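Novice: To start, I am sharing the structure in question, which I have written as structure tokens.
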Amino acid sequence: MPRGKRGGRVSALEGGGEEEAPSAAAAVPSAPWAFPQPPEAAAEQVLLRGIFEIGRNSCDVVLSERTLSWRPIQPVRPAGDSKDDVLHKEEFIELKDIFSVKLKRRYFAKQHRNGTLLGITLFICLKKEQNKLKDSTLDLINLSEDHCDIWFRQFRKILAGFSNRPKSLKIFLNPQSHKKEATQVYYEKVEPLLKITGIKTDVIITEYEGHALSLLKECELQGFDGIVCVGGDGSASEVAHALLLRAQKNAGMETDSILTPVRAQLPLGLIPAGSTNVLAHSLHGIPHVVTATLHIILGHLQPVDVCTFSATGKLLRFGFSAMFGFGGRTLALAEKHRWMSPNQRRDFAVIKALAQLKRAQGSPKSDCNDRWQMIQGQFLNVSIMAIPCLCSVAPRGLAPNTRLNNGSMALIIARNTSRPEFIKHLKRYASVKNQFNFPFVETYTVEEVKVYPRNKTGGHHPEEEDQPHETVSEESFPWNVDGDLMEAASEVHVKLHPRLISLYGGSLEEMNDSKVTCNCL
């Protein structure tokens, strides 16, 4: 069969159009990613069977309900001759890993229509190491128009049957994320894959902090199957917060005081383009743009737990994780130096916060096993996390034993200690050692937490919480909520709400499980 001639160009087209095949998906002629046919596949109903050239071999190709399998056609050999049997084993791919199909045509110079049909191109998702996904192609070469048309229509019918896959997405892109790379990331890595799949997009470039929040309050979402955020943790948290606020408003709930919030109505996809990408890293196990994009395209959904943060009975925001004390002050310092690069700003803030290490007077009150437990004292840091919080500086996570939807939060308290000991604790996050194995670190599994900050002049006593009281002082305390700075002048009530939002991401069972030997978590 013809392969290619000098001066021609080959493209994979849908329905005979003139769009050239993108380079985003690299062809793999030898199909090293294929696996032996599973035993249960033999019992599946055969939809189509035919002959195609795959790689350099003419193959007997079988399309069944769940798989596409093929075996090279071998010449008849004498009985008992098993030579090359190993090289001609049946191979297959699962249909759920195919995300697009197009007709493959050759166009010669100055030819724009009616190119020569070469066969069918399948765009597929490959599973690589460390939870990484990669796009690739499989070419089924056959010059018969009728033969390819039958197969092409059947593939299109199969792909249309995956109802979870989005057909239209509203995309919020933060051009200021990290090193202002979000625009390049989207148009060079994400958009080509969405175009291959035929997903319609409405891209909105945000212009300032809070822009996505204001737009999502009122914008029309009918006809969209999902929302996508291209940016860092702050952008992703803002869009998630906005989606949940919109869901409460649509349900007729008062957003100032929410006891039992309703679920977000649309799923959210996260394309990592920030400096830490904690949310995307925790969701996918890796901060990888193509992996995140393919999860969206394939419609992989994960229900995720969300927290509400309230003060004096009023909702402050929705979020996934928070830090009070060292973590909050570090972010507050970094926000004052936005003119620095992200890495410089982070390092400067951490060093200055350590140099000015302060003990936070407070009384976290946690709900453990349906009863409140009071914890009083001086603390260097208080972390409350509903997700593992994986990132480059903490590859095992800030809360390694927390999962995306296990119905609980990790409460991690670092009590007062010396600066060298606290630095040792921080360094442990980047190693394989247990970061909680210090006498001043306490960990709890909780569903609700109330944090009562106190200043030097005294403050609010938790035992008086049922009585009318004023705020502690006019001083506000910085919180780091999903990488966003939140100021609160009084106690903060953090409550977990299981599976409140769906995010585009793979199954947790596929993630690398790194257990921590700790009696508390």
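Chain labels run A, B, ... following the order of the structure tokens; each chain numbers its residues from 1, and ligands are numbered from 1 in the order shown.
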Any idea what's packed within 6 Å of region 480-492 of chain A, counting only C-alpha atoms, ignoring anything in its chain fewer than 3 positions away? Could you give it as a ChimeraX atom specification?
Specialist: /A:233-234,310-311,321-323,328,450-452,471-472,475-477
Novice: Write the residues of the selection above to a file with N, CA, C and O atoms, as a PDB file, in the first residue's frame.
Specialist:
ATOM      1  N   ASP A 233      -3.159  28.144  41.738  1.00  0.00           N
ATOM      2  CA  ASP A 233      -4.082  27.767  42.805  1.00  0.00           C
ATOM      3  C   ASP A 233      -5.084  28.863  43.118  1.00  0.00           C
ATOM      4  O   ASP A 233      -6.261  28.593  43.372  1.00  0.00           O
ATOM      5  N   GLY A 234      -4.619  30.120  43.101  1.00  0.00           N
ATOM      6  CA  GLY A 234      -5.530  31.224  43.391  1.00  0.00           C
ATOM      7  C   GLY A 234      -6.658  31.313  42.385  1.00  0.00           C
ATOM      8  O   GLY A 234      -7.825  31.480  42.749  1.00  0.00           O
ATOM      9  N   SER A 310     -16.189  30.382  57.690  1.00  0.00           N
ATOM     10  CA  SER A 310     -17.162  31.358  58.183  1.00  0.00           C
ATOM     11  C   SER A 310     -16.609  32.092  59.392  1.00  0.00           C
ATOM     12  O   SER A 310     -15.764  31.563  60.136  1.00  0.00           O
ATOM     13  N   ALA A 311     -17.081  33.323  59.596  1.00  0.00           N
ATOM     14  CA  ALA A 311     -16.716  34.118  60.770  1.00  0.00           C
ATOM     15  C   ALA A 311     -17.961  34.838  61.262  1.00  0.00           C
ATOM     16  O   ALA A 311     -18.694  35.438  60.454  1.00  0.00           O
ATOM     17  N   SER A 321      -8.155  24.065  51.398  1.00  0.00           N
ATOM     18  CA  SER A 321      -7.126  23.958  52.428  1.00  0.00           C
ATOM     19  C   SER A 321      -6.823  25.343  52.977  1.00  0.00           C
ATOM     20  O   SER A 321      -7.091  26.361  52.314  1.00  0.00           O
ATOM     21  N   ALA A 322      -6.260  25.394  54.186  1.00  0.00           N
ATOM     22  CA  ALA A 322      -5.936  26.689  54.795  1.00  0.00           C
ATOM     23  C   ALA A 322      -4.793  26.529  55.772  1.00  0.00           C
ATOM     24  O   ALA A 322      -4.579  25.455  56.359  1.00  0.00           O
ATOM     25  N   MET A 323      -4.044  27.627  55.948  1.00  0.00           N
ATOM     26  CA  MET A 323      -2.981  27.691  56.951  1.00  0.00           C
ATOM     27  C   MET A 323      -3.095  28.999  57.714  1.00  0.00           C
ATOM     28  O   MET A 323      -3.294  30.059  57.111  1.00  0.00           O
ATOM     29  N   GLY A 328       0.029  31.680  56.959  1.00  0.00           N
ATOM     30  CA  GLY A 328      -0.697  32.892  56.616  1.00  0.00           C
ATOM     31  C   GLY A 328       0.204  34.107  56.534  1.00  0.00           C
ATOM     32  O   GLY A 328       0.084  34.930  55.611  1.00  0.00           O
ATOM     33  N   LYS A 450     -12.832  25.083  64.720  1.00  0.00           N
ATOM     34  CA  LYS A 450     -13.016  26.499  65.028  1.00  0.00           C
ATOM     35  C   LYS A 450     -11.700  27.028  65.589  1.00  0.00           C
ATOM     36  O   LYS A 450     -11.170  26.469  66.546  1.00  0.00           O
ATOM     37  N   VAL A 451     -11.190  28.080  64.983  1.00  0.00           N
ATOM     38  CA  VAL A 451      -9.918  28.658  65.407  1.00  0.00           C
ATOM     39  C   VAL A 451     -10.198  30.022  66.021  1.00  0.00           C
ATOM     40  O   VAL A 451     -10.768  30.906  65.370  1.00  0.00           O
ATOM     41  N   TYR A 452      -9.793  30.178  67.295  1.00  0.00           N
ATOM     42  CA  TYR A 452      -9.990  31.424  68.012  1.00  0.00           C
ATOM     43  C   TYR A 452      -8.627  32.095  68.208  1.00  0.00           C
ATOM     44  O   TYR A 452      -7.894  31.757  69.132  1.00  0.00           O
ATOM     45  N   THR A 471     -15.544  41.388  68.358  1.00  0.00           N
ATOM     46  CA  THR A 471     -14.335  40.786  67.828  1.00  0.00           C
ATOM     47  C   THR A 471     -13.174  41.014  68.780  1.00  0.00           C
ATOM     48  O   THR A 471     -13.195  41.922  69.612  1.00  0.00           O
ATOM     49  N   VAL A 472     -12.133  40.203  68.636  1.00  0.00           N
ATOM     50  CA  VAL A 472     -10.989  40.241  69.542  1.00  0.00           C
ATOM     51  C   VAL A 472     -10.374  41.634  69.564  1.00  0.00           C
ATOM     52  O   VAL A 472     -10.139  42.212  70.598  1.00  0.00           O
ATOM     53  N   GLU A 475      -7.394  44.271  64.917  1.00  0.00           N
ATOM     54  CA  GLU A 475      -6.337  43.630  64.140  1.00  0.00           C
ATOM     55  C   GLU A 475      -6.908  42.422  63.408  1.00  0.00           C
ATOM     56  O   GLU A 475      -7.657  41.635  63.964  1.00  0.00           O
ATOM     57  N   SER A 476      -6.581  42.291  62.116  1.00  0.00           N
ATOM     58  CA  SER A 476      -7.027  41.125  61.355  1.00  0.00           C
ATOM     59  C   SER A 476      -5.859  40.163  61.212  1.00  0.00           C
ATOM     60  O   SER A 476      -4.701  40.573  61.147  1.00  0.00           O
ATOM     61  N   PHE A 477      -6.189  38.887  61.150  1.00  0.00           N
ATOM     62  CA  PHE A 477      -5.176  37.847  61.085  1.00  0.00           C
ATOM     63  C   PHE A 477      -5.150  37.242  59.683  1.00  0.00           C
ATOM     64  O   PHE A 477      -6.202  36.942  59.114  1.00  0.00           O
TER      65      PHE A 477
END
Novice: Report, in Å with one decimal, the straight-line distance from CA of Ile171 (chain A) to CA of Asp225 (chain A).
Specialist: 11.2 Å
Novice: Measuring atom to atom with only C-alpha atoms, identify which of A:Ile93, A:Ala109, A:Ala353, A:Ile141 is nearest to Ile51 (chain A).
Specialist: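 Among the listed residues, the smallest separation from Ile51 (chain A) belongs to A:Ile141.
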Novice: Fewer than 3 positions away in the same chain doesn't count, so skip those; otherwise give me all residues within 6 Å of Pro267 (chain A), counting only C-alpha atoms, as a JSON list (two decimals) with N, CA and C atoms, in the first residue's frame.
Specialist:
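Contents of out.json, freshly written:
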[["chain", "number", "residue", "atom", "x", "y", "z"],
["A", 226, "GLY", "N", -19.02, 22.06, 31.12],
["A", 226, "GLY", "CA", -18.05, 22.19, 32.19],
["A", 226, "GLY", "C", -17.34, 23.52, 32.13],
["A", 502, "SER", "N", -17.41, 18.50, 41.58],
["A", 502, "SER", "CA", -16.76, 17.48, 40.75],
["A", 502, "SER", "C", -15.66, 18.15, 39.94],
["A", 503, "LEU", "N", -14.47, 17.55, 39.98],
["A", 503, "LEU", "CA", -13.34, 18.04, 39.21],
["A", 503, "LEU", "C", -12.96, 17.00, 38.16]]
Novice: Name the closest residue to Ile124 (chain A) among the candidates A:Phe99, A:Tyr504, A:Phe324, A:Phe152; distances are taken between atoms, counting only C-alpha atoms.
Specialist: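 Closest to Ile124 (chain A) of all the choices is A:Phe99.
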Novice: With only C-alpha atoms as the basis for distance, which of A:Pro388, A:Gly223, A:Pro303, A:Gly325 is at the shortest distance from Gly505 (chain A)?
Specialist: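 Ranking A:Pro388, A:Gly223, A:Pro303, A:Gly325 by distance to Gly505 (chain A), first place goes to A:Pro303.
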Novice: Show me, as a VMD selection string, the residues that have an atom within 9 Å of Gly198 (chain A) when counting only C-alpha atoms, minus same-chain residues fewer than 3 positions from it.
Specialist: chain A and resid 100 167 to 168 193 to 195
Novice: From a backbone DSSP assignment, name each residue in region 225-463 of chain A labelled alpha helix (DSSP H), as an NGL selection string.
Specialist: :A and (233-250 or 278-284 or 289-298 or 326-335 or 342-355 or 419-428)
Novice: Write out as CSV the residues of region 286-374 of chain A that have any atom within 9 Å of an atom of region 250-263 of chain A, one row each with the nearest atom pair and its distance in Å to one decimal, counting only C-alpha atoms, sorted by chain and then rising number.
Specialist:
residue,atom,partner,partner_atom,distance
A:Thr308,CA,A:Ile258,CA,8.5
A:Ser310,CA,A:Ser257,CA,8.2
A:Gly313,CA,A:Ser257,CA,6.3
A:Lys314,CA,A:Ser257,CA,5.0
A:Leu315,CA,A:Asp256,CA,5.2
A:Leu316,CA,A:Asp256,CA,8.0
Novice: Selection from above, N, CA and C atoms, as a PDB file, in the first residue's frame, can you write it?
Specialist:
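As written to disk, selection-v1.pdb reads:
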ATOM      1  N   THR A 308     -16.195  25.098  54.012  1.00  0.00           N
ATOM      2  CA  THR A 308     -16.685  26.467  54.130  1.00  0.00           C
ATOM      3  C   THR A 308     -15.916  27.148  55.246  1.00  0.00           C
ATOM      4  N   SER A 310     -16.189  30.382  57.690  1.00  0.00           N
ATOM      5  CA  SER A 310     -17.162  31.358  58.183  1.00  0.00           C
ATOM      6  C   SER A 310     -16.609  32.092  59.392  1.00  0.00           C
ATOM      7  N   GLY A 313     -20.724  33.746  62.004  1.00  0.00           N
ATOM      8  CA  GLY A 313     -21.935  33.245  61.367  1.00  0.00           C
ATOM      9  C   GLY A 313     -22.093  33.589  59.908  1.00  0.00           C
ATOM     10  N   LYS A 314     -21.124  34.308  59.314  1.00  0.00           N
ATOM     11  CA  LYS A 314     -21.224  34.688  57.905  1.00  0.00           C
ATOM     12  C   LYS A 314     -20.181  33.950  57.077  1.00  0.00           C
ATOM     13  N   LEU A 315     -20.601  33.489  55.902  1.00  0.00           N
ATOM     14  CA  LEU A 315     -19.688  32.772  55.012  1.00  0.00           C
ATOM     15  C   LEU A 315     -18.626  33.721  54.474  1.00  0.00           C
ATOM     16  N   LEU A 316     -17.357  33.315  54.613  1.00  0.00           N
ATOM     17  CA  LEU A 316     -16.256  34.071  54.025  1.00  0.00           C
ATOM     18  C   LEU A 316     -15.940  33.554  52.630  1.00  0.00           C
TER      19      LEU A 316
END
Novice: Taking 5 positions as the minimum chain separation for residues in the same chain, which residues sit within 12 Å of Leu426 (chain A) when counting only C-alpha atoms? Answer as an MDAnalysis selection string.
Specialist: chainID A and resid 326:327 350 354 380:381 393:394 398 414 419:421 431 433:438 441
Novice: Would you export the selected residues with N, CA, C and O atoms as a short mmCIF file (atom, residue, chain, number, x, y, z; two decimals), in the first residue's frame, please?
Specialist:
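File result.cif, as written:
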data_model
loop_
_atom_site.label_atom_id
_atom_site.label_comp_id
_atom_site.auth_asym_id
_atom_site.auth_seq_id
_atom_site.Cartn_x
_atom_site.Cartn_y
_atom_site.Cartn_z
N PHE A 326 2.22 30.73 60.65
CA PHE A 326 3.36 30.87 59.76
C PHE A 326 2.94 30.88 58.29
O PHE A 326 3.39 31.71 57.50
N GLY A 327 2.05 29.95 57.91
CA GLY A 327 1.61 29.87 56.52
C GLY A 327 0.87 31.10 56.08
O GLY A 327 1.04 31.58 54.95
N VAL A 350 9.37 33.29 52.88
CA VAL A 350 9.66 32.20 53.83
C VAL A 350 10.82 32.59 54.75
O VAL A 350 10.75 32.42 55.98
N LEU A 354 10.51 33.27 58.76
CA LEU A 354 11.30 32.49 59.72
C LEU A 354 12.13 33.40 60.61
O LEU A 354 12.30 33.13 61.81
N LEU A 380 2.89 27.81 66.25
CA LEU A 380 3.62 28.43 65.14
C LEU A 380 2.81 28.35 63.86
O LEU A 380 2.88 29.25 63.03
N ASN A 381 2.06 27.27 63.71
CA ASN A 381 1.26 27.11 62.48
C ASN A 381 0.11 26.15 62.73
O ASN A 381 0.25 25.17 63.47
N VAL A 393 7.50 21.20 46.43
CA VAL A 393 8.28 21.25 47.68
C VAL A 393 7.77 20.23 48.69
O VAL A 393 8.41 20.02 49.73
N ALA A 394 6.64 19.60 48.42
CA ALA A 394 6.10 18.55 49.29
C ALA A 394 5.51 17.46 48.41
O ALA A 394 4.29 17.33 48.30
N LEU A 398 1.31 17.94 51.86
CA LEU A 398 1.31 18.55 53.20
C LEU A 398 0.46 17.74 54.16
O LEU A 398 0.67 17.77 55.37
N ALA A 414 1.44 22.87 64.74
CA ALA A 414 2.85 22.97 65.17
C ALA A 414 2.89 23.91 66.36
O ALA A 414 2.69 25.12 66.22
N ARG A 419 13.40 27.88 66.58
CA ARG A 419 13.45 28.09 65.14
C ARG A 419 14.15 26.93 64.42
O ARG A 419 13.64 26.44 63.40
N PRO A 420 15.30 26.43 64.91
CA PRO A 420 15.95 25.30 64.23
C PRO A 420 15.06 24.06 64.14
O PRO A 420 15.04 23.37 63.12
N GLU A 421 14.31 23.77 65.20
CA GLU A 421 13.44 22.59 65.19
C GLU A 421 12.28 22.78 64.21
O GLU A 421 11.89 21.85 63.50
N SER A 431 11.26 15.50 52.00
CA SER A 431 11.97 14.23 52.09
C SER A 431 10.98 13.09 52.24
O SER A 431 9.76 13.28 52.26
N LYS A 433 11.00 11.22 54.91
CA LYS A 433 10.81 11.02 56.35
C LYS A 433 9.47 11.59 56.79
O LYS A 433 8.89 12.45 56.13
N ASN A 434 8.99 11.12 57.93
CA ASN A 434 7.71 11.54 58.47
C ASN A 434 7.82 12.96 59.02
O ASN A 434 8.50 13.21 60.01
N GLN A 435 7.14 13.92 58.37
CA GLN A 435 7.23 15.31 58.80
C GLN A 435 6.50 15.58 60.09
O GLN A 435 6.61 16.68 60.66
N PHE A 436 5.72 14.61 60.56
CA PHE A 436 4.95 14.80 61.79
C PHE A 436 5.63 14.18 63.02
O PHE A 436 5.10 14.27 64.13
N ASN A 437 6.78 13.58 62.82
CA ASN A 437 7.46 12.89 63.91
C ASN A 437 8.31 13.86 64.73
O ASN A 437 9.53 13.74 64.82
N PHE A 438 7.63 14.85 65.33
CA PHE A 438 8.27 15.81 66.21
C PHE A 438 7.38 15.97 67.44
O PHE A 438 6.14 15.92 67.34
N VAL A 441 4.55 18.65 67.11
CA VAL A 441 3.57 18.54 66.03
C VAL A 441 2.46 17.58 66.43
O VAL A 441 2.71 16.46 66.86
#
Novice: Return as a VMD selection string the full set of residues in region 331-466 of chain A whose backbone-based DSSP assignment is strand (DSSP E).
Specialist: chain A and resid 360 to 368 371 to 374 377 to 385 409 to 415 441 to 446 448 to 454
Novice: By how many Å are CA of Gly210 (chain A) and CA of Pro478 (chain A) apart?
Specialist: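 Atom-to-atom, CA of Gly210 (chain A) and CA of Pro478 (chain A) are spaced 18.4 Å apart.
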Novice: Which distance in Å separates CA of Trp479 (chain A) and CA of Cys307 (chain A), to one decimal?
Specialist: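 It comes out at 14.1 Å.
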Novice: Counting only C-alpha atoms, which of A:Asn142, A:Gln154, A:Thr445, A:Gln222 gets nearest to Asn406 (chain A)?
Specialist: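 Of A:Asn142, A:Gln154, A:Thr445, A:Gln222, the one nearest Asn406 (chain A) is A:Thr445, counting only C-alpha atoms.
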Novice: Can you list, as a list in words, every protein, DNA or RNA residue that comes within 10 Å of Phe162 (chain A) when you count only C-alpha atoms, leaving out same-chain residues fewer than 5 positions away?
Specialist: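 Neighbouring residues, sequence-local ones excluded: Lys96, Phe99, Lys157, Leu298 and Gly299 of chain A.
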Novice: Would you write out those residues with N, CA and C atoms, as a short mmCIF file (atom, residue, chain, number, x, y, z; two decimals), in the first residue's frame?
Specialist:
data_model
loop_
_atom_site.label_atom_id
_atom_site.label_comp_id
_atom_site.auth_asym_id
_atom_site.auth_seq_id
_atom_site.Cartn_x
_atom_site.Cartn_y
_atom_site.Cartn_z
N LYS A 96 -12.34 3.16 25.32
CA LYS A 96 -12.48 4.32 26.21
C LYS A 96 -11.25 5.22 26.19
N PHE A 99 -10.06 9.27 21.91
CA PHE A 99 -10.79 10.51 22.12
C PHE A 99 -11.16 11.23 20.83
N LYS A 157 -19.85 6.72 16.14
CA LYS A 157 -21.00 6.30 16.95
C LYS A 157 -20.55 5.88 18.35
N LEU A 298 -11.60 13.27 28.16
CA LEU A 298 -12.18 11.93 28.35
C LEU A 298 -13.33 11.93 29.36
N GLY A 299 -13.58 13.07 29.99
CA GLY A 299 -14.71 13.16 30.92
C GLY A 299 -14.51 12.42 32.21
#
Novice: Using only C-alpha atoms, determine which residues lie at most 10 Å from Cys148 (chain A), disregarding the query and same-chain residues fewer than 2 positions distant; provide the list as an MDAnalysis selection string.
Specialist: chainID A and resid 50 52 103:104 117:120 140:146 150:154
